[in-house]
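This is upload_26.txt. It holds compact mmCIF, C-alpha atoms.
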# COMPACT_ATOMS: atom_id res chain seq x y z
CA MET A 1 12.92 30.32 -46.57
CA LEU A 2 9.62 29.28 -45.00
CA TYR A 3 9.10 30.55 -41.47
CA ARG A 4 9.26 27.74 -38.89
CA LYS A 5 8.70 28.23 -35.17
CA ALA A 6 11.21 25.49 -34.37
CA LYS A 7 13.98 27.68 -35.76
CA LYS A 8 14.07 29.82 -32.63
CA SER A 9 14.42 26.72 -30.44
CA ILE A 10 17.36 25.46 -32.49
CA GLU A 11 19.02 28.90 -32.36
CA ASN A 12 18.54 29.06 -28.58
CA TRP A 13 20.14 25.63 -28.21
CA LEU A 14 23.08 26.73 -30.34
CA LEU A 15 23.71 29.77 -28.14
CA ASN A 16 22.87 28.50 -24.69
CA ASP A 17 23.08 24.69 -24.32
CA ASN A 18 26.04 22.38 -24.03
CA CYS A 19 24.04 19.19 -24.47
CA ALA A 20 23.32 17.54 -27.83
CA LEU A 21 20.12 18.42 -29.67
CA LEU A 22 17.76 15.90 -31.25
CA VAL A 23 15.24 17.25 -33.79
CA SER A 24 12.54 14.61 -34.09
CA GLY A 25 9.58 14.32 -36.45
CA ALA A 26 7.98 12.43 -39.31
CA ARG A 27 9.58 12.20 -42.73
CA GLN A 28 9.36 15.34 -44.93
CA VAL A 29 8.41 17.86 -42.21
CA GLY A 30 11.54 19.94 -42.87
CA LYS A 31 13.93 18.88 -40.10
CA THR A 32 17.12 18.57 -42.14
CA TYR A 33 16.52 21.74 -44.15
CA LEU A 34 15.86 23.83 -41.04
CA ILE A 35 18.94 22.56 -39.20
CA ARG A 36 21.14 23.33 -42.21
CA GLU A 37 19.71 26.84 -42.50
CA VAL A 38 20.34 27.60 -38.83
CA LEU A 39 23.90 26.28 -39.03
CA LYS A 40 24.61 28.29 -42.19
CA GLU A 41 23.22 31.49 -40.69
CA SER A 42 25.23 30.99 -37.50
CA LYS A 43 28.51 31.25 -39.47
CA ARG A 44 29.84 28.47 -37.23
CA ASP A 45 32.08 25.75 -38.61
CA TYR A 46 30.02 22.58 -39.12
CA VAL A 47 30.05 19.22 -40.87
CA GLU A 48 27.14 16.95 -41.78
CA PHE A 49 27.01 13.15 -41.79
CA ASN A 50 24.06 11.24 -43.25
CA PHE A 51 23.86 7.56 -42.29
CA ILE A 52 21.65 6.61 -45.22
CA LYS A 53 23.81 8.36 -47.82
CA GLN A 54 27.04 7.32 -46.02
CA PRO A 55 26.34 3.77 -44.77
CA ASN A 56 30.08 3.13 -44.58
CA LEU A 57 30.07 5.25 -41.39
CA ILE A 58 27.69 2.93 -39.54
CA PRO A 59 30.35 0.35 -38.51
CA LEU A 60 32.47 3.20 -37.16
CA PHE A 61 29.63 4.29 -34.85
CA ASN A 62 28.59 0.80 -33.89
CA SER A 63 32.12 0.12 -32.67
CA ALA A 64 32.37 3.45 -30.87
CA ILE A 65 31.02 2.10 -27.57
CA SER A 66 33.93 -0.26 -27.08
CA GLU A 67 36.58 1.92 -28.71
CA ASP A 68 38.72 4.65 -27.18
CA SER A 69 36.89 7.99 -27.54
CA ASP A 70 39.98 9.84 -28.78
CA LYS A 71 40.46 7.24 -31.50
CA PHE A 72 36.80 7.50 -32.47
CA LEU A 73 36.94 11.33 -32.71
CA MET A 74 40.07 11.09 -34.80
CA GLU A 75 38.29 8.74 -37.24
CA LEU A 76 35.32 11.13 -37.26
CA ARG A 77 37.60 14.00 -38.27
CA VAL A 78 39.04 11.88 -41.06
CA ALA A 79 35.52 11.07 -42.27
CA ALA A 80 34.67 14.81 -42.26
CA LYS A 81 37.46 15.42 -44.81
CA LYS A 82 38.11 18.84 -43.30
CA VAL A 83 39.82 20.40 -40.32
CA LEU A 84 37.29 20.95 -37.56
CA LYS A 85 37.68 23.86 -35.17
CA GLU A 86 37.33 23.21 -31.45
CA ASP A 87 33.80 24.66 -31.29
CA ALA A 88 32.56 23.09 -34.54
CA ILE A 89 29.08 21.65 -34.81
CA ILE A 90 28.62 18.08 -36.03
CA PHE A 91 25.25 17.27 -37.59
CA PHE A 92 24.26 13.59 -37.65
CA ASP A 93 21.29 13.00 -39.96
CA GLU A 94 19.18 9.83 -40.33
CA VAL A 95 20.39 8.66 -36.92
CA GLN A 96 17.72 5.96 -36.79
CA GLU A 97 20.32 3.83 -38.57
CA ILE A 98 22.53 3.87 -35.43
CA LYS A 99 20.82 1.84 -32.72
CA GLU A 100 23.18 2.97 -29.94
CA ILE A 101 23.28 6.65 -30.86
CA VAL A 102 22.15 7.76 -27.38
CA THR A 103 25.05 5.92 -25.73
CA ILE A 104 27.49 7.33 -28.27
CA ILE A 105 26.21 10.88 -27.85
CA LYS A 106 26.60 10.64 -24.09
CA PHE A 107 30.33 10.11 -24.27
CA LEU A 108 30.74 12.65 -27.10
CA VAL A 109 29.01 15.32 -25.01
CA GLU A 110 31.15 14.38 -22.01
CA LYS A 111 34.24 14.84 -24.18
CA GLY A 112 33.08 18.41 -24.82
CA GLN A 113 35.14 19.05 -27.94
CA TYR A 114 32.27 19.76 -30.35
CA LYS A 115 28.53 20.45 -30.34
CA TYR A 116 26.20 17.84 -31.78
CA VAL A 117 22.80 18.05 -33.45
CA LEU A 118 20.91 14.94 -34.53
CA SER A 119 17.90 14.27 -36.71
CA GLY A 120 16.13 11.44 -38.45
CA SER A 121 12.85 9.81 -39.37
CA LEU A 122 11.12 6.86 -37.71
CA LEU A 123 12.91 7.74 -34.49
CA GLY A 124 9.94 6.71 -32.36
CA VAL A 125 10.01 3.32 -34.09
CA GLU A 126 13.70 2.60 -34.45
CA LEU A 127 15.24 4.19 -31.35
CA THR A 128 13.17 3.09 -28.40
CA ASN A 129 15.89 4.18 -25.95
CA LEU A 130 15.61 7.87 -26.86
CA LYS A 131 13.34 8.66 -23.94
CA SER A 132 15.87 7.17 -21.53
CA ALA A 133 18.67 9.53 -22.58
CA PRO A 134 20.39 10.90 -19.46
CA VAL A 135 19.24 14.39 -18.46
CA GLY A 136 21.81 16.99 -19.46
CA TYR A 137 23.11 15.04 -22.46
CA LEU A 138 20.29 15.27 -24.98
CA LYS A 139 17.59 17.88 -25.57
CA THR A 140 14.68 17.04 -27.90
CA ILE A 141 12.62 19.28 -30.19
CA ASP A 142 9.60 17.77 -31.95
CA MET A 143 8.80 19.08 -35.44
CA TYR A 144 5.49 18.70 -37.24
CA PRO A 145 4.10 19.85 -40.58
CA MET A 146 3.69 23.63 -40.78
CA ASP A 147 0.83 24.74 -38.57
CA LEU A 148 -1.80 27.24 -39.67
CA GLU A 149 0.02 30.29 -38.33
CA GLU A 150 3.18 29.32 -40.22
CA PHE A 151 1.07 28.82 -43.36
CA TYR A 152 -0.56 32.23 -42.92
CA ILE A 153 2.82 33.89 -42.49
CA ALA A 154 4.10 32.14 -45.65
CA ASN A 155 1.11 33.69 -47.44
CA GLY A 156 1.98 37.20 -46.26
CA LEU A 157 0.09 37.61 -42.98
CA GLY A 158 1.87 40.28 -40.97
CA THR A 159 2.65 40.42 -37.25
CA ASP A 160 0.24 43.34 -36.81
CA ILE A 161 -2.72 41.21 -37.94
CA ILE A 162 -1.55 38.29 -35.79
CA ARG A 163 -1.49 40.64 -32.78
CA HIS A 164 -4.98 41.85 -33.66
CA LEU A 165 -6.22 38.25 -33.84
CA SER A 166 -4.53 37.38 -30.55
CA ASP A 167 -6.21 40.36 -28.86
CA CYS A 168 -9.58 39.27 -30.25
CA PHE A 169 -8.99 35.73 -28.95
CA ASN A 170 -7.97 36.88 -25.47
CA ASN A 171 -10.69 39.53 -25.12
CA LEU A 172 -13.41 37.59 -27.00
CA VAL A 173 -14.01 40.46 -29.42
CA PRO A 174 -15.16 39.67 -32.99
CA VAL A 175 -12.49 39.91 -35.69
CA ASP A 176 -12.86 42.64 -38.31
CA GLU A 177 -15.22 41.06 -40.85
CA PHE A 178 -12.99 41.68 -43.89
CA ILE A 179 -10.00 40.13 -42.13
CA HIS A 180 -12.14 37.22 -40.90
CA ASN A 181 -13.41 36.38 -44.39
CA ARG A 182 -9.92 36.45 -45.92
CA LEU A 183 -8.55 34.21 -43.17
CA ILE A 184 -11.39 31.70 -43.60
CA GLU A 185 -10.74 31.64 -47.35
CA ASN A 186 -7.05 30.98 -46.72
CA PHE A 187 -7.92 28.36 -44.10
CA TYR A 188 -9.69 26.34 -46.79
CA ARG A 189 -6.51 26.58 -48.88
CA TYR A 190 -4.62 25.15 -45.94
CA LEU A 191 -7.02 22.19 -45.88
CA ILE A 192 -5.94 21.51 -49.48
CA VAL A 193 -2.22 22.30 -49.31
CA GLY A 194 -1.53 21.16 -45.76
CA GLY A 195 1.71 21.85 -43.96
CA MET A 196 4.34 19.68 -45.63
CA PRO A 197 7.01 22.29 -46.50
CA GLU A 198 7.62 20.99 -50.03
CA ALA A 199 3.90 21.13 -50.82
CA VAL A 200 3.60 24.62 -49.33
CA GLN A 201 6.57 25.87 -51.35
CA TYR A 202 5.12 24.48 -54.59
CA TYR A 203 1.82 26.18 -53.81
CA LEU A 204 3.52 29.52 -53.12
CA ASP A 205 5.64 29.30 -56.28
CA THR A 206 3.04 28.02 -58.72
CA GLN A 207 -0.48 27.99 -57.18
CA ASP A 208 -0.79 24.69 -59.04
CA LEU A 209 -2.85 22.38 -56.84
CA ASN A 210 -2.19 19.40 -59.12
CA LEU A 211 1.51 19.74 -58.32
CA VAL A 212 0.67 20.01 -54.63
CA SER A 213 -1.35 16.77 -54.80
CA ASN A 214 1.54 15.09 -56.60
CA ILE A 215 3.84 16.07 -53.73
CA HIS A 216 1.40 14.50 -51.26
CA LYS A 217 1.34 11.30 -53.33
CA LYS A 218 5.14 11.25 -53.45
CA ILE A 219 5.32 11.58 -49.66
CA TYR A 220 2.82 8.74 -49.34
CA ARG A 221 5.07 6.57 -51.52
CA ASP A 222 7.95 7.41 -49.19
CA TYR A 223 5.83 6.34 -46.25
CA LYS A 224 5.03 3.05 -47.93
CA ARG A 225 8.75 2.43 -48.40
CA ASP A 226 9.10 2.92 -44.65
CA PHE A 227 6.35 0.36 -44.13
CA THR A 228 8.51 -2.22 -45.95
CA LYS A 229 10.80 -2.25 -42.92
CA TYR A 230 8.23 -4.67 -41.55
CA GLU A 231 8.15 -8.23 -42.81
CA GLN A 232 5.70 -8.86 -45.66
CA GLU A 233 2.60 -9.68 -43.60
CA ASN A 234 2.91 -6.67 -41.29
CA LYS A 235 3.84 -4.39 -44.19
CA LEU A 236 0.52 -5.15 -45.85
CA LYS A 237 -1.33 -4.67 -42.55
CA LEU A 238 0.34 -1.27 -42.11
CA ILE A 239 -0.67 -0.14 -45.58
CA ASP A 240 -4.24 -1.35 -45.05
CA THR A 241 -4.42 0.36 -41.64
CA TYR A 242 -3.10 3.66 -43.00
CA ASP A 243 -5.22 3.59 -46.16
CA LEU A 244 -8.41 3.06 -44.17
CA ILE A 245 -7.98 6.28 -42.12
CA PRO A 246 -9.65 8.67 -44.64
CA SER A 247 -12.80 6.57 -44.99
CA GLU A 248 -13.03 6.00 -41.22
CA LEU A 249 -12.82 9.77 -40.65
CA ASP A 250 -15.67 10.23 -43.10
CA SER A 251 -17.92 7.88 -41.12
CA LYS A 252 -20.55 9.18 -38.71
CA ASN A 253 -18.56 8.87 -35.48
CA LYS A 254 -15.08 9.04 -37.09
CA ARG A 255 -13.92 6.29 -34.74
CA TYR A 256 -11.48 3.76 -36.18
CA THR A 257 -13.43 0.51 -36.57
CA PHE A 258 -11.17 -2.54 -36.63
CA THR A 259 -13.75 -4.78 -38.28
CA ASN A 260 -13.52 -2.63 -41.41
CA LEU A 261 -10.03 -4.06 -41.79
CA GLU A 262 -11.19 -7.61 -41.23
CA LYS A 263 -14.41 -9.16 -39.97
CA GLU A 264 -14.43 -10.07 -36.28
CA LEU A 265 -11.02 -8.44 -35.88
CA LYS A 266 -9.71 -8.00 -32.36
CA PHE A 267 -7.66 -4.91 -31.50
CA LYS A 268 -4.71 -6.94 -30.21
CA ARG A 269 -4.03 -8.37 -33.65
CA TYR A 270 -3.42 -4.92 -35.15
CA GLU A 271 -2.21 -3.07 -32.04
CA ASN A 272 1.44 -3.05 -33.11
CA ASN A 273 0.51 -1.59 -36.49
CA PHE A 274 -1.44 1.29 -34.95
CA ASN A 275 1.45 1.97 -32.59
CA TRP A 276 3.94 1.84 -35.49
CA LEU A 277 2.01 4.49 -37.45
CA ILE A 278 1.72 6.69 -34.36
CA ASP A 279 5.37 6.29 -33.35
CA ALA A 280 6.48 7.02 -36.92
CA GLY A 281 4.59 10.31 -36.72
CA VAL A 282 2.40 9.63 -39.77
CA SER A 283 -0.88 9.38 -37.86
CA ILE A 284 -2.40 11.06 -34.81
CA PRO A 285 -4.48 9.21 -32.21
CA VAL A 286 -7.31 10.83 -30.27
CA PHE A 287 -8.23 8.42 -27.48
CA ASN A 288 -11.58 7.90 -25.85
CA VAL A 289 -11.84 8.68 -22.14
CA THR A 290 -14.54 7.40 -19.81
CA GLU A 291 -14.48 10.25 -17.28
CA PHE A 292 -14.45 14.04 -17.26
CA LYS A 293 -11.59 14.14 -14.78
CA ILE A 294 -7.97 15.25 -14.66
CA PRO A 295 -5.77 13.43 -15.50
CA LEU A 296 -7.51 12.35 -18.67
CA GLU A 297 -4.81 9.76 -19.26
CA ALA A 298 -6.08 7.81 -16.25
CA SER A 299 -9.38 6.91 -17.96
CA LYS A 300 -8.03 6.50 -21.49
CA LYS A 301 -9.24 3.46 -23.44
CA SER A 302 -6.28 2.39 -25.55
CA ASN A 303 -8.40 0.28 -27.90
CA LEU A 304 -10.97 2.99 -28.65
CA PHE A 305 -9.73 5.95 -30.68
CA LYS A 306 -9.97 8.13 -33.73
CA LEU A 307 -6.96 8.03 -36.02
CA PHE A 308 -6.07 11.11 -38.07
CA LEU A 309 -3.39 11.71 -40.70
CA SER A 310 -0.40 13.80 -39.65
CA ASP A 311 -1.16 16.32 -42.43
CA VAL A 312 -4.61 17.50 -43.47
CA GLY A 313 -3.45 18.26 -47.01
CA MET A 314 -2.59 14.61 -47.53
CA LEU A 315 -6.06 13.67 -46.24
CA THR A 316 -7.66 16.01 -48.78
CA THR A 317 -5.56 14.51 -51.58
CA PHE A 318 -6.83 11.06 -50.54
CA TYR A 319 -10.40 12.35 -50.96
CA GLY A 320 -9.69 13.45 -54.55
CA SER A 321 -10.06 16.37 -56.94
CA ALA A 322 -13.83 16.83 -56.48
CA THR A 323 -13.27 17.53 -52.78
CA ILE A 324 -10.48 19.99 -53.62
CA LEU A 325 -12.76 21.90 -55.99
CA LYS A 326 -15.46 22.13 -53.32
CA LEU A 327 -12.96 23.40 -50.75
CA LEU A 328 -11.97 26.18 -53.14
CA ASP A 329 -15.61 27.25 -52.81
CA LYS A 330 -15.33 27.22 -48.99
CA GLY A 331 -16.59 23.67 -48.70
CA LYS A 332 -20.10 24.30 -49.99
CA ASN A 333 -22.20 21.19 -50.60
CA ILE A 334 -19.71 18.77 -49.02
CA ASN A 335 -19.15 17.49 -45.50
CA CYS A 336 -15.89 19.04 -44.27
CA GLY A 337 -16.13 17.49 -40.81
CA ALA A 338 -13.28 15.01 -41.29
CA MET A 339 -10.89 17.66 -42.60
CA PHE A 340 -11.86 20.18 -39.91
CA GLU A 341 -11.28 17.64 -37.15
CA ASN A 342 -8.03 16.43 -38.71
CA PHE A 343 -6.82 20.04 -38.74
CA VAL A 344 -7.71 20.52 -35.06
CA ALA A 345 -6.06 17.23 -34.06
CA GLU A 346 -2.74 18.09 -35.69
CA GLU A 347 -2.85 21.73 -34.55
CA LEU A 348 -3.40 20.76 -30.91
CA LEU A 349 -0.72 18.06 -31.09
CA SER A 350 1.85 20.50 -32.49
CA HIS A 351 0.97 22.91 -29.67
CA GLY A 352 1.84 20.37 -27.01
CA PHE A 353 -1.49 18.70 -26.16
CA LYS A 354 -2.49 15.09 -25.76
CA ASN A 355 -5.85 14.75 -27.48
CA TYR A 356 -8.87 12.88 -26.14
CA TYR A 357 -12.60 12.67 -26.85
CA PHE A 358 -15.62 11.66 -24.79
CA ASN A 359 -18.54 9.60 -26.01
CA ASN A 360 -21.74 8.67 -24.29
CA LYS A 361 -24.24 6.37 -26.05
CA LYS A 362 -27.21 8.22 -24.59
CA HIS A 363 -26.08 11.83 -24.97
CA GLY A 364 -23.51 11.78 -27.77
CA GLU A 365 -19.92 12.86 -28.22
CA VAL A 366 -17.60 15.77 -27.46
CA ASP A 367 -15.03 15.96 -30.27
CA PHE A 368 -11.97 16.90 -28.20
CA LEU A 369 -11.08 17.10 -24.52
CA ILE A 370 -7.79 18.66 -23.46
CA GLU A 371 -6.14 19.78 -20.24
CA TYR A 372 -5.78 23.54 -20.71
CA LYS A 373 -4.41 25.93 -18.09
CA GLY A 374 -5.05 23.48 -15.30
CA GLU A 375 -8.65 22.74 -16.28
CA LEU A 376 -10.58 20.47 -18.63
CA LEU A 377 -11.57 22.16 -21.87
CA PRO A 378 -14.20 20.55 -24.14
CA ILE A 379 -13.88 21.47 -27.82
CA GLU A 380 -16.53 20.92 -30.47
CA VAL A 381 -15.67 21.23 -34.18
CA LYS A 382 -18.42 22.32 -36.59
CA SER A 383 -18.17 22.64 -40.36
CA GLY A 384 -21.71 23.77 -41.23
CA LYS A 385 -24.25 26.51 -40.58
CA ASP A 386 -25.74 24.69 -37.59
CA TYR A 387 -22.62 25.32 -35.52
CA LYS A 388 -24.71 26.35 -32.50
CA ILE A 389 -26.50 23.01 -32.41
CA HIS A 390 -24.44 20.69 -30.20
CA SER A 391 -26.72 18.64 -28.00
CA ALA A 392 -23.97 16.51 -26.44
CA LEU A 393 -21.83 19.53 -25.53
CA THR A 394 -24.85 21.39 -24.15
CA TYR A 395 -25.83 18.41 -22.01
CA PHE A 396 -22.34 17.95 -20.59
CA MET A 397 -21.89 21.68 -19.96
CA ASN A 398 -25.12 21.64 -17.94
CA THR A 399 -24.26 18.52 -15.96
CA LYS A 400 -20.49 18.82 -15.52
CA ASP A 401 -18.41 21.50 -13.85
CA PHE A 402 -16.72 23.30 -16.76
CA ASN A 403 -15.76 26.97 -16.75
CA LYS A 404 -15.98 27.15 -20.53
CA ALA A 405 -16.05 25.22 -23.79
CA TYR A 406 -14.92 26.15 -27.30
CA VAL A 407 -16.92 25.60 -30.49
CA LEU A 408 -14.73 25.98 -33.60
CA SER A 409 -16.38 26.83 -36.91
CA ASP A 410 -16.35 29.15 -39.95
CA TYR A 411 -18.05 31.88 -37.95
CA ASN A 412 -16.79 34.88 -36.02
CA ILE A 413 -16.41 35.18 -32.26
CA SER A 414 -19.47 35.14 -30.05
CA VAL A 415 -20.22 34.02 -26.48
CA GLU A 416 -23.34 32.41 -25.04
CA ASN A 417 -23.12 31.68 -21.33
CA ASN A 418 -19.98 29.57 -20.88
CA ILE A 419 -19.77 28.40 -24.52
CA ILE A 420 -17.31 30.41 -26.63
CA TYR A 421 -17.73 30.30 -30.40
CA LEU A 422 -14.42 30.84 -32.19
CA PRO A 423 -13.43 30.92 -35.85
CA ILE A 424 -11.57 27.69 -36.47
CA TYR A 425 -8.35 29.48 -37.40
CA MET A 426 -8.08 30.63 -33.76
CA THR A 427 -6.98 27.12 -32.84
CA MET A 428 -3.54 28.60 -33.55
CA PHE A 429 -3.73 30.46 -30.20
CA ILE A 430 -4.54 27.40 -28.06
CA TYR A 431 -1.17 26.40 -26.62
CA LYS A 432 -0.13 24.06 -23.85
CA ASP A 433 1.10 26.04 -20.83
CA GLU A 434 3.57 23.97 -18.86
CA PHE A 435 4.31 26.74 -16.38
CA ILE A 436 3.88 25.75 -12.74
CA GLU A 437 4.20 28.50 -10.15
CA LYS A 438 6.90 28.41 -7.53
CA VAL A 439 5.57 27.34 -4.16
CA PRO A 440 7.02 27.87 -0.71
CA LYS A 441 9.14 25.07 0.65
CA ILE A 442 7.53 22.95 3.34
CA ASP A 443 10.02 23.03 6.20
CA LEU A 444 9.90 19.69 7.99
CA SER A 445 12.60 20.62 10.51
CA VAL A 446 9.91 21.97 12.86
CA LEU A 447 8.74 18.40 13.36
CA SER A 448 11.93 17.73 15.34
CA ASN A 449 10.71 20.02 18.11
CA LEU A 450 7.53 18.04 18.64
CA LYS A 451 7.38 15.65 21.55
As structure tokens, the full file:
Amino acid sequence: MLYRKAKKSIENWLLNDNCALLVSGARQVGKTYLIREVLKESKRDYVEFNFIKQPNLIPLFNSAISEDSDKFLMELRVAAKKVLKEDAIIFFDEVQEIKEIVTIIKFLVEKGQYKYVLSGSLLGVELTNLKSAPVGYLKTIDMYPMDLEEFYIANGLGTDIIRHLSDCFNNLVPVDEFIHNRLIENFYRYLIVGGMPEAVQYYLDTQDLNLVSNIHKKIYRDYKRDFTKYEQENKLKLIDTYDLIPSELDSKNKRYTFTNLEKELKFKRYENNFNWLIDAGVSIPVFNVTEFKIPLEASKKSNLFKLFLSDVGMLTTFYGSATILKLLDKGKNINCGAMFENFVAEELLSHGFKNYYFNNKKHGEVDFLIEYKGELLPIEVKSGKDYKIHSALTYFMNTKDFNKAYVLSDYNISVENNIIYLPIYMTMFIYKDEFIEKVPKIDLSVLSNLK
């Protein structure tokens, strides 16, 4: 079984939470497989319902809101075709088919007879009420394609080397050169294979990159079937919007240019299509901001963004076999900028960040801006030998109040003033820290003594 970080979160829910669990993510990222594996390993009694494979169950759930809960649970036990123990786990898969699933789960959790885990694709598109689920009833885990650390582990990287790399990252000490070179070589494999579990497994079993590309193409066909949920006109717009991403990323500024879809196109006409692709989890937006200030969201320009694919391996497959052959030679004689940036975008997203970039017509662009440990962190991504040439970053570091900036490239760790040069694989150690320290209570009762 491929190592997935989300497994620990599912196991913790199983042991410690009484609420229902929703595992969300794009199609083919491994949600269903991982849930099944955790349930099997737990040795707990469980049953699985799939609302695409068992559409006859949908009317039962749609009527559940108005029906007596005891009657509904009795019908559920009949549908399970087995005797369920009191602490059994019920797994609902493809829940996007049940529009009122959040309401149903609320009363099932209140009943307290079983534990419930849910999953599905297109949840951000189909179930717009998910975010309004009452606190205490539904916990959500977001899954993404396998990140680089998971890919490294699948390829045999041990915990001792990961600790060594983490120490190098934290102490800004260069990585052992032999280890660094092997990790860079494997990083280029990740750009080809990506993180879709089926593609990774085929690569591990066969090392056949043609088979890996065929898996990517199959997933793309699945995505196009999802696009057909739109009426004909919007379906074609979705396909056009998605298909244009690779060429837009290969342009000079990598910004998504609407007029490449249609001359004199206004953003509003395609806005719903961009949002659909983002909500479905098949593309990643990196929005332009107009100010170097926290919160970045406050100066976000919703109609100015870069759009990346959710998996860098699929992007590489779009670029074709010649690109794959060059990547096997560590990207010599090709521009890897689009693939490097796509990797960073998905890595940061899977680590909890909202991604932004800053662009100034006079001084240039900073590839990524994130809020990291309470501060703004500029990140520049470089795919060539001139990784220390970054005029825009240098200008902004000299004119803005930043403690540090990261430049990610093929090269080992070095530091020059407040610019830290990191090998690109060390993106795997940049994680969102949501911890906020406890603060003393402000006692307002003393105000009562004032006259």
Taking 4 positions as the minimum chain separation for residues in the same chain, which residues sit within 9 Å of Gln113 in chain A when counting only C-alpha atoms? Answer as a count of residues only.
5
Distance of CA of Phe305 in chain A from CA of Lys332 in chain A, expressed in Å to one decimal place
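So the two atoms, CA of Lys332 in chain A and CA of Phe305 in chain A, lie 28.6 Å apart.
Comparing A:Thr427, A:Ser391, A:Ser302, A:Ser409 by their smallest distance to Ser350 in chain A, the closest is A:Thr427 (using only C-alpha atoms).
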To one decimal place in Å, what is the distance between CA of Lys99 in chain A and CA of Thr228 in chain A?
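Taking CA of Lys99 in chain A as the start and CA of Thr228 in chain A as the end point, the length is 18.5 Å.
Taking CA of Val381 in chain A and CA of Leu408 in chain A as the two end points, the separation is 4.9 Å.
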Nearest candidate to Gly194 in chain A (options A:Ile245, A:Val117, A:Val312, A:Ile105; using only C-alpha atoms):
A:Val312
Output as AutoDock Vina command-line options the centre and edge lengths (Å, one decimal) of the box along x, y and z of the file that holds every listed atom of range 163-166 of chain A after adding 6 Å on each side.
--center_x -3.9 --center_y 39.6 --center_z -32.2 --size_x 16.7 --size_y 16.5 --size_z 15.3
Under the rule that only C-alpha atoms are counted, which of A:Tyr144, A:Tyr116, A:Phe368, A:Phe61 is the nearest residue to Tyr356 in chain A?
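Result for the nearest residue to Tyr356 in chain A: A:Phe368.
Among A:Lys217, A:Lys293, A:Arg27, A:His390, the residue with the shortest atom-to-atom distance to Val366 in chain A, counting only C-alpha atoms, is A:His390.
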From the set A:Ala322, A:Ala6, A:Leu211, A:Val407, which residue has the shortest atom-to-atom contact distance to Asp142 in chain A, counting only C-alpha atoms?
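Using only C-alpha atoms, Asp142 in chain A sits closest to A:Ala6.
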Near-Gly320 in chain A list (12 Å; all atoms listed in the file; drop same-chain fewer than 6 positions) as a short mmCIF file (atom, residue, chain, number, x, y, z; two decimals) with C-alpha atoms, in the frame of the given file:
data_model
loop_
_atom_site.label_atom_id
_atom_site.label_comp_id
_atom_site.auth_asym_id
_atom_site.auth_seq_id
_atom_site.Cartn_x
_atom_site.Cartn_y
_atom_site.Cartn_z
CA ILE A 192 -5.94 21.51 -49.48
CA LEU A 209 -2.85 22.38 -56.84
CA ASN A 210 -2.19 19.40 -59.12
CA SER A 213 -1.35 16.77 -54.80
CA ASN A 214 1.54 15.09 -56.60
CA HIS A 216 1.40 14.50 -51.26
CA LYS A 217 1.34 11.30 -53.33
CA PRO A 246 -9.65 8.67 -44.64
CA GLY A 313 -3.45 18.26 -47.01
CA MET A 314 -2.59 14.61 -47.53
CA LYS A 326 -15.46 22.13 -53.32
CA LEU A 327 -12.96 23.40 -50.75
#
Rows by chain and residue number, range 277-367 of chain A within 9 Å of range 145-163 of chain A, shortest pair, all atoms listed in the file, as a tab-separated table:
residue	atom	partner	partner_atom	distance
A:Ser310	CA	A:Pro145	CA	7.6
A:Asp311	CA	A:Pro145	CA	6.6
A:Phe343	CA	A:Leu148	CA	8.8
A:Glu346	CA	A:Asp147	CA	8.1
A:Glu347	CA	A:Asp147	CA	6.2
A:Ser350	CA	A:Asp147	CA	7.5
Taking only C-alpha atoms into account, which of A:Glu110, A:Glu48, A:Asp410, A:Glu291 comes nearest Met426 in chain A?
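Nearest to Met426 in chain A: A:Asp410.
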Close residues, Arg44 in chain A itself excluded, 12 Å, only C-alpha atoms, min 6 positions apart in chain, as a tab-separated table (two decimals) with C-alpha atoms, in the frame of the given file:
chain	number	residue	atom	x	y	z
A	11	GLU	CA	19.02	28.90	-32.36
A	14	LEU	CA	23.08	26.73	-30.34
A	15	LEU	CA	23.71	29.77	-28.14
A	36	ARG	CA	21.14	23.33	-42.21
A	37	GLU	CA	19.71	26.84	-42.50
A	38	VAL	CA	20.34	27.60	-38.83
A	84	LEU	CA	37.29	20.95	-37.56
A	85	LYS	CA	37.68	23.86	-35.17
A	86	GLU	CA	37.33	23.21	-31.45
A	87	ASP	CA	33.80	24.66	-31.29
A	88	ALA	CA	32.56	23.09	-34.54
A	89	ILE	CA	29.08	21.65	-34.81
A	90	ILE	CA	28.62	18.08	-36.03
A	114	TYR	CA	32.27	19.76	-30.35
A	115	LYS	CA	28.53	20.45	-30.34
Please list as a list in words every residue within 12 Å of range 167-173 of chain A, counting all atoms listed in the file and excluding residues in the same chain fewer than 2 positions away.
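Contacts, in chain order: Asp160, Ile161, Ile162, Arg163, His164, Leu165, Val175, Asp176, Glu177, Ile179, His180, Tyr406, Asn412, Ile413, Ser414, Val415, Glu416, Ile419, Ile420, Tyr421, Leu422, Pro423, Ile424, Tyr425, Met426, Thr427, Met428, Phe429 and Ile430 of chain A.
Those DNA, RNA and protein residues that approach the point (9.6, 11.4, -31.1) to within 8 Å, considering all atoms listed in the file, are Ser24, Gly25, Leu123, Gly124, Asp142, Asp279, Ala280 and Gly281 of chain A.
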Would you list the residues near (-19.4, 17.6, -18.4), meaning any protein, DNA or RNA residue with an atom at most 12 Å from that point in file coordinates, counting all atoms listed in the file, as a PyMOL selection string?
chain A and resi 290-293+357-360+363-366+369+376-379+392-405
